[in-house]
file work-v9.txt (compact mmCIF, C-alpha atoms and all ligand atoms)
# COMPACT_ATOMS: atom_id res chain seq x y z
CA MET T 210 0.00 0.00 0.00
CA LYS T 211 1.26 3.48 -0.86
CA PRO T 212 2.18 5.60 2.19
CA ASP T 213 -0.13 8.59 2.74
CA VAL T 214 1.55 11.96 2.21
CA LEU T 215 0.03 15.37 2.86
CA MET T 216 0.93 18.03 0.32
CA THR T 217 0.43 21.57 1.65
CA ARG T 218 0.50 23.66 -1.51
CA PRO T 219 0.09 23.23 -5.26
CA SER T 220 3.19 22.55 -7.32
CA THR T 221 3.80 21.90 -11.01
CA PRO T 222 1.72 19.12 -12.61
CA ALA T 223 4.95 17.15 -13.17
CA ALA T 224 5.93 17.44 -9.50
CA LEU T 225 2.50 16.33 -8.38
CA ALA T 226 2.55 13.38 -10.80
CA ALA T 227 6.01 12.34 -9.53
CA LEU T 228 4.74 12.41 -5.95
CA GLU T 229 1.59 10.50 -6.83
CA ARG T 230 3.47 7.55 -8.33
CA PRO T 231 4.85 6.20 -5.04
CA PHE T 232 2.46 7.92 -2.59
CA ARG T 233 -1.20 8.50 -1.87
CA VAL T 234 -1.24 12.30 -1.96
CA HIS T 235 -3.73 14.36 0.07
CA ARG T 236 -4.03 17.94 -1.14
CA LEU T 237 -4.42 20.29 1.80
CA TRP T 238 -4.77 23.43 -0.34
CA GLU T 239 -7.88 22.06 -2.03
CA ALA T 240 -9.73 21.53 1.25
CA ALA T 241 -12.59 23.99 1.80
CA ASP T 242 -12.28 23.36 5.55
CA PRO T 243 -8.63 22.44 6.30
CA ALA T 244 -9.33 21.59 9.97
CA ALA T 245 -12.10 19.15 9.04
CA PHE T 246 -9.94 17.71 6.25
CA LEU T 247 -7.04 17.13 8.68
CA LYS T 248 -9.40 15.49 11.16
CA GLU T 249 -10.49 13.09 8.46
CA VAL T 250 -7.14 12.21 6.79
CA GLY T 251 -4.74 13.20 9.60
CA PRO T 252 -4.59 9.78 11.31
CA SER T 253 -3.32 8.11 8.10
CA ILE T 254 -0.67 10.69 7.14
CA ARG T 255 2.96 9.50 7.47
CA GLY T 256 4.72 12.20 5.45
CA ILE T 257 4.41 15.90 4.59
CA ALA T 258 5.55 17.40 1.28
CA SER T 259 5.69 21.15 1.68
CA ASP T 260 7.50 24.22 0.38
CA GLY T 261 9.59 26.91 2.04
CA GLY T 262 6.71 29.31 2.57
CA ALA T 263 4.16 26.86 4.00
CA GLY T 264 6.74 24.76 5.86
CA ALA T 265 5.31 22.63 8.64
CA SER T 266 4.06 24.28 11.82
CA ALA T 267 3.76 22.57 15.19
CA GLU T 268 -0.01 22.92 14.78
CA LEU T 269 0.01 21.06 11.45
CA MET T 270 2.36 18.34 12.67
CA GLY T 271 0.32 18.10 15.87
CA ALA T 272 -2.73 17.13 13.78
CA LEU T 273 -0.82 14.17 12.29
CA PRO T 274 -0.24 11.54 14.98
CA ARG T 275 1.54 9.05 12.66
CA LEU T 276 3.82 11.62 11.00
CA GLU T 277 7.33 10.29 10.34
CA ILE T 278 8.90 12.69 7.83
CA VAL T 279 8.63 16.28 6.59
CA ALA T 280 10.15 16.83 3.14
CA ILE T 281 10.51 20.50 2.24
CA SER T 282 10.95 21.76 -1.30
CA ALA T 283 13.31 24.57 -0.23
CA VAL T 284 16.64 25.12 1.42
CA GLY T 285 15.16 27.53 4.00
CA LEU T 286 13.63 25.83 7.03
CA ASP T 287 12.38 28.89 8.91
CA ALA T 288 8.72 27.83 8.46
CA VAL T 289 9.35 24.34 9.85
CA ASP T 290 9.06 23.86 13.61
CA LEU T 291 12.28 21.87 13.95
CA GLY T 292 11.93 21.68 17.74
CA HIS T 293 8.56 19.94 17.40
CA ALA T 294 9.96 17.57 14.77
CA LYS T 295 12.96 16.71 16.91
CA ALA T 296 10.90 16.15 20.05
CA ARG T 297 8.67 13.66 18.19
CA GLY T 298 11.49 11.99 16.26
CA ILE T 299 10.11 13.25 12.95
CA VAL T 300 12.73 13.25 10.20
CA VAL T 301 13.17 16.46 8.16
CA ALA T 302 14.65 16.82 4.66
CA ASN T 303 15.18 19.89 2.47
CA THR T 304 16.56 20.60 -1.02
CA PRO T 305 19.96 22.31 -0.71
CA ASP T 306 22.49 22.68 -3.55
CA VAL T 307 20.12 22.14 -6.48
CA LEU T 308 18.82 25.71 -6.19
CA THR T 309 22.05 27.53 -5.26
CA GLU T 310 23.07 28.73 -8.71
CA ASP T 311 19.60 29.94 -9.71
CA VAL T 312 19.14 31.96 -6.53
CA ALA T 313 22.60 33.49 -7.07
CA ASP T 314 21.61 34.35 -10.65
CA MET T 315 18.53 36.12 -9.30
CA ALA T 316 20.66 38.14 -6.86
CA LEU T 317 22.81 39.33 -9.76
CA ALA T 318 19.76 40.03 -11.91
CA LEU T 319 18.28 42.20 -9.15
CA LEU T 320 21.56 43.99 -8.49
CA LEU T 321 22.08 44.78 -12.17
CA ALA T 322 18.43 45.74 -12.67
CA ALA T 323 18.48 48.07 -9.66
CA ALA T 324 21.82 49.69 -10.50
CA ARG T 325 21.26 50.02 -14.25
CA GLU T 326 17.54 50.86 -13.86
CA VAL T 327 16.55 48.14 -16.31
CA VAL T 328 12.84 48.26 -15.48
CA PRO T 329 12.36 52.05 -15.84
CA GLY T 330 14.57 51.88 -18.95
CA ASP T 331 12.31 49.22 -20.42
CA ALA T 332 9.26 51.40 -19.71
CA HIS T 333 10.97 54.39 -21.32
CA ALA T 334 11.70 52.50 -24.55
CA ARG T 335 8.40 50.60 -24.56
CA SER T 336 6.12 53.59 -23.97
CA GLY T 337 7.66 55.78 -26.63
CA ALA T 338 8.86 58.25 -23.95
CA TRP T 339 12.37 57.96 -25.42
CA GLY T 340 11.21 59.63 -28.65
CA ARG T 341 9.06 62.21 -26.86
CA GLU T 342 11.33 63.09 -23.92
CA GLY T 343 14.79 62.02 -25.01
CA ASN T 344 17.36 59.97 -23.12
CA ARG T 345 16.98 58.76 -19.55
CA PRO T 346 19.34 59.95 -16.79
CA LEU T 347 22.60 58.05 -16.33
CA THR T 348 22.63 54.99 -14.07
CA ARG T 349 25.10 53.36 -11.61
CA ARG T 350 28.05 51.11 -12.48
CA VAL T 351 28.28 47.66 -10.89
CA ASN T 352 31.62 46.28 -12.11
CA GLY T 353 34.68 47.31 -10.14
CA LYS T 354 32.71 48.28 -7.03
CA ARG T 355 32.55 46.69 -3.54
CA ALA T 356 29.90 44.28 -2.32
CA GLY T 357 29.05 42.86 1.09
CA ILE T 358 27.48 39.43 1.43
CA LEU T 359 25.29 39.02 4.49
CA GLY T 360 25.35 35.28 5.13
CA LEU T 361 28.22 33.61 3.30
CA GLY T 362 26.74 30.14 2.90
CA ARG T 363 26.26 28.14 -0.29
CA ILE T 364 24.19 30.83 -2.01
CA GLY T 365 26.35 33.67 -0.69
CA ARG T 366 29.46 32.03 -2.13
CA ALA T 367 27.75 31.52 -5.49
CA VAL T 368 26.87 35.24 -5.52
CA ALA T 369 30.45 36.13 -4.54
CA ARG T 370 31.88 34.05 -7.42
CA ARG T 371 29.68 35.91 -9.89
CA LEU T 372 30.69 39.28 -8.43
CA GLU T 373 34.38 38.37 -8.63
CA ALA T 374 33.92 37.72 -12.35
CA MET T 375 32.67 41.32 -12.59
CA ASN T 376 35.72 42.58 -10.76
CA VAL T 377 33.67 43.47 -7.68
CA GLN T 378 35.53 43.25 -4.35
CA VAL T 379 33.71 41.04 -1.88
CA ALA T 380 33.54 41.10 1.92
CA TYR T 381 31.05 39.35 4.20
CA HIS T 382 29.38 39.20 7.58
CA ASN T 383 28.41 35.97 9.33
CA ARG T 384 28.02 35.35 13.04
CA ARG T 385 31.55 33.93 12.95
CA PRO T 386 34.31 34.10 10.34
CA ILE T 387 34.58 31.06 8.06
CA GLU T 388 37.27 29.71 5.74
CA SER T 389 36.98 31.96 2.67
CA PRO T 390 39.03 34.31 0.50
CA TYR T 391 36.86 37.27 1.51
CA ILE T 392 37.34 39.85 4.25
CA TYR T 393 35.23 39.25 7.35
CA TYR T 394 33.29 41.94 9.18
CA GLY T 395 32.04 41.24 12.70
CA ARG T 396 29.25 43.84 12.44
CA ALA T 397 26.71 44.14 9.63
CA SER T 398 26.65 47.94 9.90
CA ASP T 399 30.45 48.18 9.50
CA LEU T 400 30.25 46.00 6.39
CA ALA T 401 27.39 48.13 5.01
CA ARG T 402 29.41 51.31 5.56
CA ASP T 403 32.35 50.00 3.53
CA VAL T 404 30.48 48.63 0.49
CA ASP T 405 28.39 49.88 -2.41
CA PHE T 406 26.04 46.88 -2.49
CA LEU T 407 24.74 44.67 0.28
CA ILE T 408 23.43 41.26 -0.79
CA VAL T 409 21.34 39.36 1.75
CA THR T 410 21.74 35.57 1.51
CA ALA T 411 21.44 34.70 5.20
CA ALA T 412 19.17 31.94 6.49
CA GLY T 413 15.84 33.19 7.83
CA GLY T 414 14.46 32.54 11.29
CA GLU T 415 14.86 34.14 14.70
CA GLY T 416 18.68 34.29 14.52
CA SER T 417 18.64 36.75 11.61
CA ARG T 418 15.36 38.61 12.20
CA GLY T 419 15.79 42.34 11.56
CA LEU T 420 19.55 42.00 11.01
CA VAL T 421 19.30 44.63 8.28
CA ASP T 422 17.86 47.37 10.48
CA ARG T 423 17.70 51.14 10.07
CA GLU T 424 21.34 51.51 11.15
CA VAL T 425 22.59 49.02 8.56
CA ILE T 426 20.45 50.53 5.79
CA GLU T 427 21.62 54.05 6.56
CA ALA T 428 25.23 52.85 6.78
CA LEU T 429 24.89 51.53 3.22
CA GLY T 430 23.99 55.10 2.38
CA PRO T 431 22.44 57.26 -0.34
CA ASP T 432 24.51 55.63 -3.10
CA GLY T 433 24.04 52.09 -1.78
CA ILE T 434 21.96 49.25 -3.17
CA LEU T 435 20.38 46.47 -1.10
CA VAL T 436 19.49 43.10 -2.62
CA ASN T 437 17.52 40.48 -0.70
CA VAL T 438 17.08 36.92 -2.01
CA ALA T 439 16.93 35.32 1.46
CA ARG T 440 13.89 36.01 3.62
CA GLY T 441 11.87 39.17 4.15
CA SER T 442 12.27 38.74 7.91
CA VAL T 443 16.00 39.56 7.70
CA VAL T 444 15.27 43.16 6.62
CA ASP T 445 13.28 45.83 8.47
CA GLU T 446 10.86 46.49 5.60
CA GLU T 447 9.57 49.75 7.05
CA ALA T 448 13.06 51.16 7.56
CA LEU T 449 13.96 50.08 4.01
CA THR T 450 10.88 51.78 2.55
CA ASP T 451 11.62 54.99 4.48
CA ALA T 452 15.26 55.04 3.34
CA LEU T 453 14.36 54.44 -0.33
CA ARG T 454 11.71 57.17 -0.20
CA ASP T 455 13.91 59.70 1.65
CA GLY T 456 17.02 59.26 -0.49
CA LYS T 457 18.98 57.55 2.31
CA LEU T 458 19.40 54.47 0.11
CA ALA T 459 19.76 54.59 -3.68
CA ALA T 460 17.87 51.47 -4.69
CA ALA T 461 16.88 47.93 -3.77
CA GLY T 462 16.19 44.63 -5.49
CA LEU T 463 13.85 42.37 -3.55
CA ASP T 464 12.76 38.80 -4.21
CA VAL T 465 11.39 38.23 -0.71
CA PHE T 466 9.09 40.09 1.68
CA ALA T 467 8.08 40.05 5.32
CA HIS T 468 4.50 38.84 4.71
CA GLU T 469 4.42 37.09 1.33
CA PRO T 470 2.53 37.34 -0.92
CA HIS T 471 1.73 40.77 0.51
CA VAL T 472 3.98 43.56 -0.76
CA PRO T 473 3.29 46.83 1.08
CA GLU T 474 1.78 49.58 -1.08
CA ALA T 475 4.46 52.03 0.14
CA LEU T 476 7.14 49.76 -1.31
CA ARG T 477 5.26 49.05 -4.54
CA SER T 478 4.89 52.73 -5.30
CA LEU T 479 8.63 53.48 -5.17
CA PRO T 480 10.44 53.85 -8.50
CA ASN T 481 13.86 52.85 -7.11
CA VAL T 482 13.00 49.29 -6.14
CA VAL T 483 12.89 46.22 -8.37
CA LEU T 484 10.44 43.60 -7.16
CA GLN T 485 10.15 39.88 -7.82
CA PRO T 486 7.48 37.54 -6.43
CA HIS T 487 9.93 35.13 -4.73
CA MET T 488 11.34 33.68 -7.95
CA GLY T 489 14.91 32.83 -6.89
CA SER T 490 14.58 29.08 -7.39
CA ALA T 491 11.68 29.34 -9.82
CA THR T 492 13.17 27.98 -13.02
CA VAL T 493 11.82 24.91 -14.81
CA GLU T 494 15.13 23.12 -14.26
CA THR T 495 15.57 23.87 -10.56
CA ARG T 496 11.95 23.29 -9.57
CA ALA T 497 12.11 19.89 -11.32
CA ALA T 498 15.30 19.04 -9.41
CA MET T 499 13.71 20.17 -6.11
CA ALA T 500 10.56 18.12 -6.76
CA ASP T 501 12.69 15.09 -7.60
CA LEU T 502 14.67 15.49 -4.38
CA VAL T 503 11.49 15.70 -2.31
CA VAL T 504 10.28 12.41 -3.81
CA ARG T 505 13.69 10.75 -3.33
CA ASN T 506 13.86 11.82 0.32
CA LEU T 507 10.38 10.47 1.01
CA GLU T 508 11.05 7.24 -0.89
CA ALA T 509 14.35 6.67 0.92
CA HIS T 510 12.63 7.14 4.28
CA PHE T 511 9.80 4.71 3.56
CA ALA T 512 12.30 2.18 2.16
CA GLY T 513 14.28 2.38 5.41
CA LYS T 514 17.29 3.92 3.63
CA LEU T 515 19.52 6.92 4.30
CA LEU T 516 18.01 10.20 3.04
CA PRO T 517 19.79 12.04 0.19
CA THR T 518 19.50 15.42 1.95
CA PRO T 519 18.50 15.09 5.61
CA VAL T 520 18.40 18.09 7.94
CA PRO T 521 20.48 17.43 11.08
CA LEU T 522 18.23 17.97 14.12
C1 LIG T 601 11.18 28.43 -2.79
C2 LIG T 601 12.95 29.05 -0.97
O1 LIG T 601 10.84 29.56 -3.51
O2 LIG T 601 14.62 27.40 -0.92
C3 LIG T 601 14.03 28.26 -0.30
O3 LIG T 601 14.28 28.49 0.88
O4 LIG T 601 12.47 30.00 -0.45
C4 LIG T 601 12.57 28.72 -2.36
O5 LIG T 601 13.39 27.87 -3.01
C5 LIG T 601 10.13 28.10 -1.85
O6 LIG T 601 10.24 26.82 -1.32
C6 LIG T 601 8.75 28.21 -2.47
O7 LIG T 601 7.90 28.45 -1.44

call {"tool": "encode", "arguments": {"input": "work-v9.txt", "output": "structure tokens", "more": "lines below"}}
Ligand code: 8YV
result
Amino acid sequence: MKPDVLMTRPSTPAALAALERPFRVHRLWEAADPAAFLKEVGPSIRGIASDGGAGASAELMGALPRLEIVAISAVGLDAVDLGHAKARGIVVANTPDVLTEDVADMALALLLAAAREVVPGDAHARSGAWGREGNRPLTRRVNGKRAGILGLGRIGRAVARRLEAMNVQVAYHNRRPIESPYIYYGRASDLARDVDFLIVTAAGGEGSRGLVDREVIEALGPDGILVNVARGSVVDEEALTDALRDGKLAAAGLDVFAHEPHVPEALRSLPNVVLQPHMGSATVETRAAMADLVVRNLEAHFAGKLLPTPVPL
């Protein structure tokens, strides 16, 4: 008999089909009354397949008495109650590595778009304003400048490699220095003061909440650019909006927000911010690799084998 797996959110048809081959999939997002649905199917559920946004709360796991494994289609685990999982001996798996290069590409895309004003430039050419009003103002150079990476993990390093190819000097801030060719800063605000661009690639969760606060944003300064491809929780969104509006920060490129999918109106109305609806890992290739890894983790667990990408608890 196929093990029963609860899927929290819709995915691509291919990902759903791949999950449905070895498992009996219960679709939580289709339930008109999720609580009633969980009451009905909860006792049979042995696995959860979820994404980074939905994760797995203690409340959800608490409704599943036979739960053995949570497989997350994301590297970020901030929406998974790891303490609850650990206490109940529930295994957790995520999808690191397969998404690293795409998220780094998105960081570069946002940096270049923000600095070179690609979106307003597109509007200028597209609307015919170029012919009516003439050229647009000059933009900011990226190559040859200095960048700070906030959170030099797998994605941070992939961003740094790309920046090096553009002759950008790289420094970083982590809680502790790590083995790397880049200069370490012990304080985020000191790093921000010394660079032109700050790229946020830190893990989300309580440890990094509000790390990019008003002080850090203002230290980056009126010519600085902030890029966030990590989690909205790492940045004080209100302080960022104020700084962008008041000329205390030049521009920002944001793929993530504090309360997704909500993007505050004050932020949406600013011309000096480039917005993406959390698309860092959203390529056909990477999402297929993530979906495959979710299935392989679940299959390995139910076959009594070692998981390809377990999360140490
Ligand atoms: C996904 C992510 O966009 O890996 C992460 O931590 O945030 C992303 O890859 C996410 O899982 C979709 O909700």

call {"tool": "residues_around", "arguments": {"input": "work-v9.txt", "residues": "range 223-237 of chain T", "least_positions_apart": "2", "cutoff": "12 Å", "atoms": "only C-alpha atoms", "output": "VMD selection string"}}
result
chain T and resid 210 to 221 239 to 251 253 to 259 263 269 280 282 493 to 509 511 to 512

call {"tool": "residues_near_ligand", "arguments": {"input": "work-v9.txt", "ligand": "ligand LIG 601 (chain T)", "cutoff": "6 Å", "atoms": "only C-alpha atoms and all ligand atoms", "output": "number ranges by chain"}}
result
T: 260-262, 282-285, 487, 490

call {"tool": "write_last_selection", "arguments": {"input": "work-v9.txt", "atoms": "C-alpha atoms", "output": "PDB file, in the frame of the given file"}}
result
ATOM      1  CA  ASP T 260       7.500  24.220   0.380  1.00  0.00           C
ATOM      2  CA  GLY T 261       9.590  26.910   2.040  1.00  0.00           C
ATOM      3  CA  GLY T 262       6.710  29.310   2.570  1.00  0.00           C
ATOM      4  CA  SER T 282      10.950  21.760  -1.300  1.00  0.00           C
ATOM      5  CA  ALA T 283      13.310  24.570  -0.230  1.00  0.00           C
ATOM      6  CA  VAL T 284      16.640  25.120   1.420  1.00  0.00           C
ATOM      7  CA  GLY T 285      15.160  27.530   4.000  1.00  0.00           C
ATOM      8  CA  HIS T 487       9.930  35.130  -4.730  1.00  0.00           C
ATOM      9  CA  SER T 490      14.580  29.080  -7.390  1.00  0.00           C
TER      10      SER T 490
END

call {"tool": "closest_residue", "arguments": {"input": "work-v9.txt", "among": "T:Leu420, T:Leu276, T:Leu347, T:Ala428", "to": "His382 in chain T", "atoms": "only C-alpha atoms"}}
result
T:Leu420

call {"tool": "closest_residue", "arguments": {"input": "work-v9.txt", "among": "T:Ser389, T:Ser266, T:Thr348, T:Asn303", "to": "Glu326 in chain T", "atoms": "all atoms listed in the file"}}
result
T:Thr348

call {"tool": "residues_around", "arguments": {"input": "work-v9.txt", "residues": "Glu310 in chain T", "least_positions_apart": "4", "cutoff": "12 Å", "atoms": "all atoms listed in the file", "output": "PDB file with C-alpha atoms, in the frame of the given file"}}
result
ATOM      1  CA  PRO T 305      19.960  22.310  -0.710  1.00  0.00           C
ATOM      2  CA  ASP T 306      22.490  22.680  -3.550  1.00  0.00           C
ATOM      3  CA  ASP T 314      21.610  34.350 -10.650  1.00  0.00           C
ATOM      4  CA  MET T 315      18.530  36.120  -9.300  1.00  0.00           C
ATOM      5  CA  ALA T 316      20.660  38.140  -6.860  1.00  0.00           C
ATOM      6  CA  LEU T 317      22.810  39.330  -9.760  1.00  0.00           C
ATOM      7  CA  ARG T 363      26.260  28.140  -0.290  1.00  0.00           C
ATOM      8  CA  ILE T 364      24.190  30.830  -2.010  1.00  0.00           C
ATOM      9  CA  GLY T 365      26.350  33.670  -0.690  1.00  0.00           C
ATOM     10  CA  ARG T 366      29.460  32.030  -2.130  1.00  0.00           C
ATOM     11  CA  ALA T 367      27.750  31.520  -5.490  1.00  0.00           C
ATOM     12  CA  VAL T 368      26.870  35.240  -5.520  1.00  0.00           C
ATOM     13  CA  ALA T 369      30.450  36.130  -4.540  1.00  0.00           C
ATOM     14  CA  ARG T 370      31.880  34.050  -7.420  1.00  0.00           C
ATOM     15  CA  ARG T 371      29.680  35.910  -9.890  1.00  0.00           C
ATOM     16  CA  GLY T 489      14.910  32.830  -6.890  1.00  0.00           C
ATOM     17  CA  SER T 490      14.580  29.080  -7.390  1.00  0.00           C
ATOM     18  CA  ALA T 491      11.680  29.340  -9.820  1.00  0.00           C
ATOM     19  CA  THR T 492      13.170  27.980 -13.020  1.00  0.00           C
ATOM     20  CA  GLU T 494      15.130  23.120 -14.260  1.00  0.00           C
ATOM     21  CA  THR T 495      15.570  23.870 -10.560  1.00  0.00           C
TER      22      THR T 495
END

call {"tool": "closest_residue", "arguments": {"input": "work-v9.txt", "among": "T:Glu474, T:Asp464, T:Glu415, T:Asp290", "to": "Thr450 in chain T", "atoms": "all atoms listed in the file"}}
result
T:Glu474

call {"tool": "closest_residue", "arguments": {"input": "work-v9.txt", "among": "T:Pro346, T:Gly395, T:Gly362, T:Pro274", "to": "Thr309 in chain T", "atoms": "all atoms listed in the file"}}
result
T:Gly362

call {"tool": "axis_aligned_box", "arguments": {"input": "work-v9.txt", "around": "range 441-454 of chain T", "padding_each_side": "5 Å", "output": "JSON"}}
result
{"center_x": 12.8, "center_y": 48.0, "center_z": 4.1, "size_x": 16.4, "size_y": 28.4, "size_z": 18.8}

call {"tool": "atom_distance", "arguments": {"input": "work-v9.txt", "atom1": "CA of Gly513 in chain T", "atom2": "CA of Glu277 in chain T"}}
result
11.6 Å

call {"tool": "decode", "arguments": {"input": "work-v9.txt", "residues": "range 427-436 of chain T", "atoms": "all heavy atoms", "output": "mmCIF file, in the first residue's frame"}}
result
data_model
loop_
_atom_site.group_PDB
_atom_site.id
_atom_site.type_symbol
_atom_site.label_atom_id
_atom_site.label_comp_id
_atom_site.auth_asym_id
_atom_site.auth_seq_id
_atom_site.Cartn_x
_atom_site.Cartn_y
_atom_site.Cartn_z
ATOM 1 N N GLU T 427 21.068 52.690 6.685
ATOM 2 C CA GLU T 427 21.619 54.052 6.562
ATOM 3 C C GLU T 427 23.139 54.026 6.415
ATOM 4 O O GLU T 427 23.723 54.909 5.795
ATOM 5 C CB GLU T 427 21.122 54.928 7.715
ATOM 6 C CG GLU T 427 19.623 55.175 7.535
ATOM 7 C CD GLU T 427 18.993 56.120 8.551
ATOM 8 O OE1 GLU T 427 19.753 56.735 9.318
ATOM 9 O OE2 GLU T 427 17.754 56.230 8.543
ATOM 10 N N ALA T 428 23.777 52.981 6.961
ATOM 11 C CA ALA T 428 25.233 52.845 6.780
ATOM 12 C C ALA T 428 25.562 52.542 5.317
ATOM 13 O O ALA T 428 26.595 52.962 4.798
ATOM 14 C CB ALA T 428 25.766 51.735 7.682
ATOM 15 N N LEU T 429 24.685 51.822 4.646
ATOM 16 C CA LEU T 429 24.886 51.529 3.217
ATOM 17 C C LEU T 429 24.844 52.841 2.419
ATOM 18 O O LEU T 429 25.611 53.033 1.479
ATOM 19 C CB LEU T 429 23.802 50.541 2.768
ATOM 20 C CG LEU T 429 23.928 49.839 1.439
ATOM 21 C CD1 LEU T 429 25.274 49.154 1.279
ATOM 22 C CD2 LEU T 429 22.790 48.812 1.281
ATOM 23 N N GLY T 430 23.939 53.708 2.822
ATOM 24 C CA GLY T 430 23.985 55.097 2.380
ATOM 25 C C GLY T 430 23.262 55.445 1.088
ATOM 26 O O GLY T 430 22.764 54.576 0.379
ATOM 27 N N PRO T 431 23.246 56.750 0.768
ATOM 28 C CA PRO T 431 22.438 57.265 -0.344
ATOM 29 C C PRO T 431 22.881 56.767 -1.721
ATOM 30 O O PRO T 431 22.125 56.895 -2.681
ATOM 31 C CB PRO T 431 22.598 58.789 -0.242
ATOM 32 C CG PRO T 431 23.720 59.022 0.700
ATOM 33 C CD PRO T 431 23.876 57.820 1.554
ATOM 34 N N ASP T 432 24.087 56.214 -1.821
ATOM 35 C CA ASP T 432 24.514 55.632 -3.103
ATOM 36 C C ASP T 432 24.478 54.110 -3.076
ATOM 37 O O ASP T 432 24.885 53.445 -4.034
ATOM 38 C CB ASP T 432 25.935 56.098 -3.454
ATOM 39 C CG ASP T 432 25.964 57.578 -3.799
ATOM 40 O OD1 ASP T 432 25.074 58.011 -4.560
ATOM 41 O OD2 ASP T 432 26.830 58.301 -3.272
ATOM 42 N N GLY T 433 24.012 53.549 -1.957
ATOM 43 C CA GLY T 433 24.043 52.095 -1.777
ATOM 44 C C GLY T 433 22.843 51.375 -2.355
ATOM 45 O O GLY T 433 21.761 51.957 -2.527
ATOM 46 N N ILE T 434 23.042 50.100 -2.651
ATOM 47 C CA ILE T 434 21.956 49.250 -3.167
ATOM 48 C C ILE T 434 21.852 47.996 -2.307
ATOM 49 O O ILE T 434 22.858 47.334 -2.033
ATOM 50 C CB ILE T 434 22.207 48.862 -4.640
ATOM 51 C CG1 ILE T 434 22.186 50.118 -5.520
ATOM 52 C CG2 ILE T 434 21.166 47.839 -5.126
ATOM 53 C CD1 ILE T 434 22.507 49.863 -6.977
ATOM 54 N N LEU T 435 20.627 47.677 -1.887
ATOM 55 C CA LEU T 435 20.379 46.471 -1.097
ATOM 56 C C LEU T 435 19.658 45.435 -1.961
ATOM 57 O O LEU T 435 18.700 45.769 -2.660
ATOM 58 C CB LEU T 435 19.488 46.807 0.108
ATOM 59 C CG LEU T 435 19.152 45.604 0.994
ATOM 60 C CD1 LEU T 435 20.317 45.278 1.922
ATOM 61 C CD2 LEU T 435 17.892 45.842 1.808
ATOM 62 N N VAL T 436 20.145 44.203 -1.912
ATOM 63 C CA VAL T 436 19.488 43.097 -2.621
ATOM 64 C C VAL T 436 19.142 42.029 -1.595
ATOM 65 O O VAL T 436 19.979 41.666 -0.774
ATOM 66 C CB VAL T 436 20.418 42.515 -3.719
ATOM 67 C CG1 VAL T 436 19.837 41.233 -4.299
ATOM 68 C CG2 VAL T 436 20.637 43.541 -4.826
#
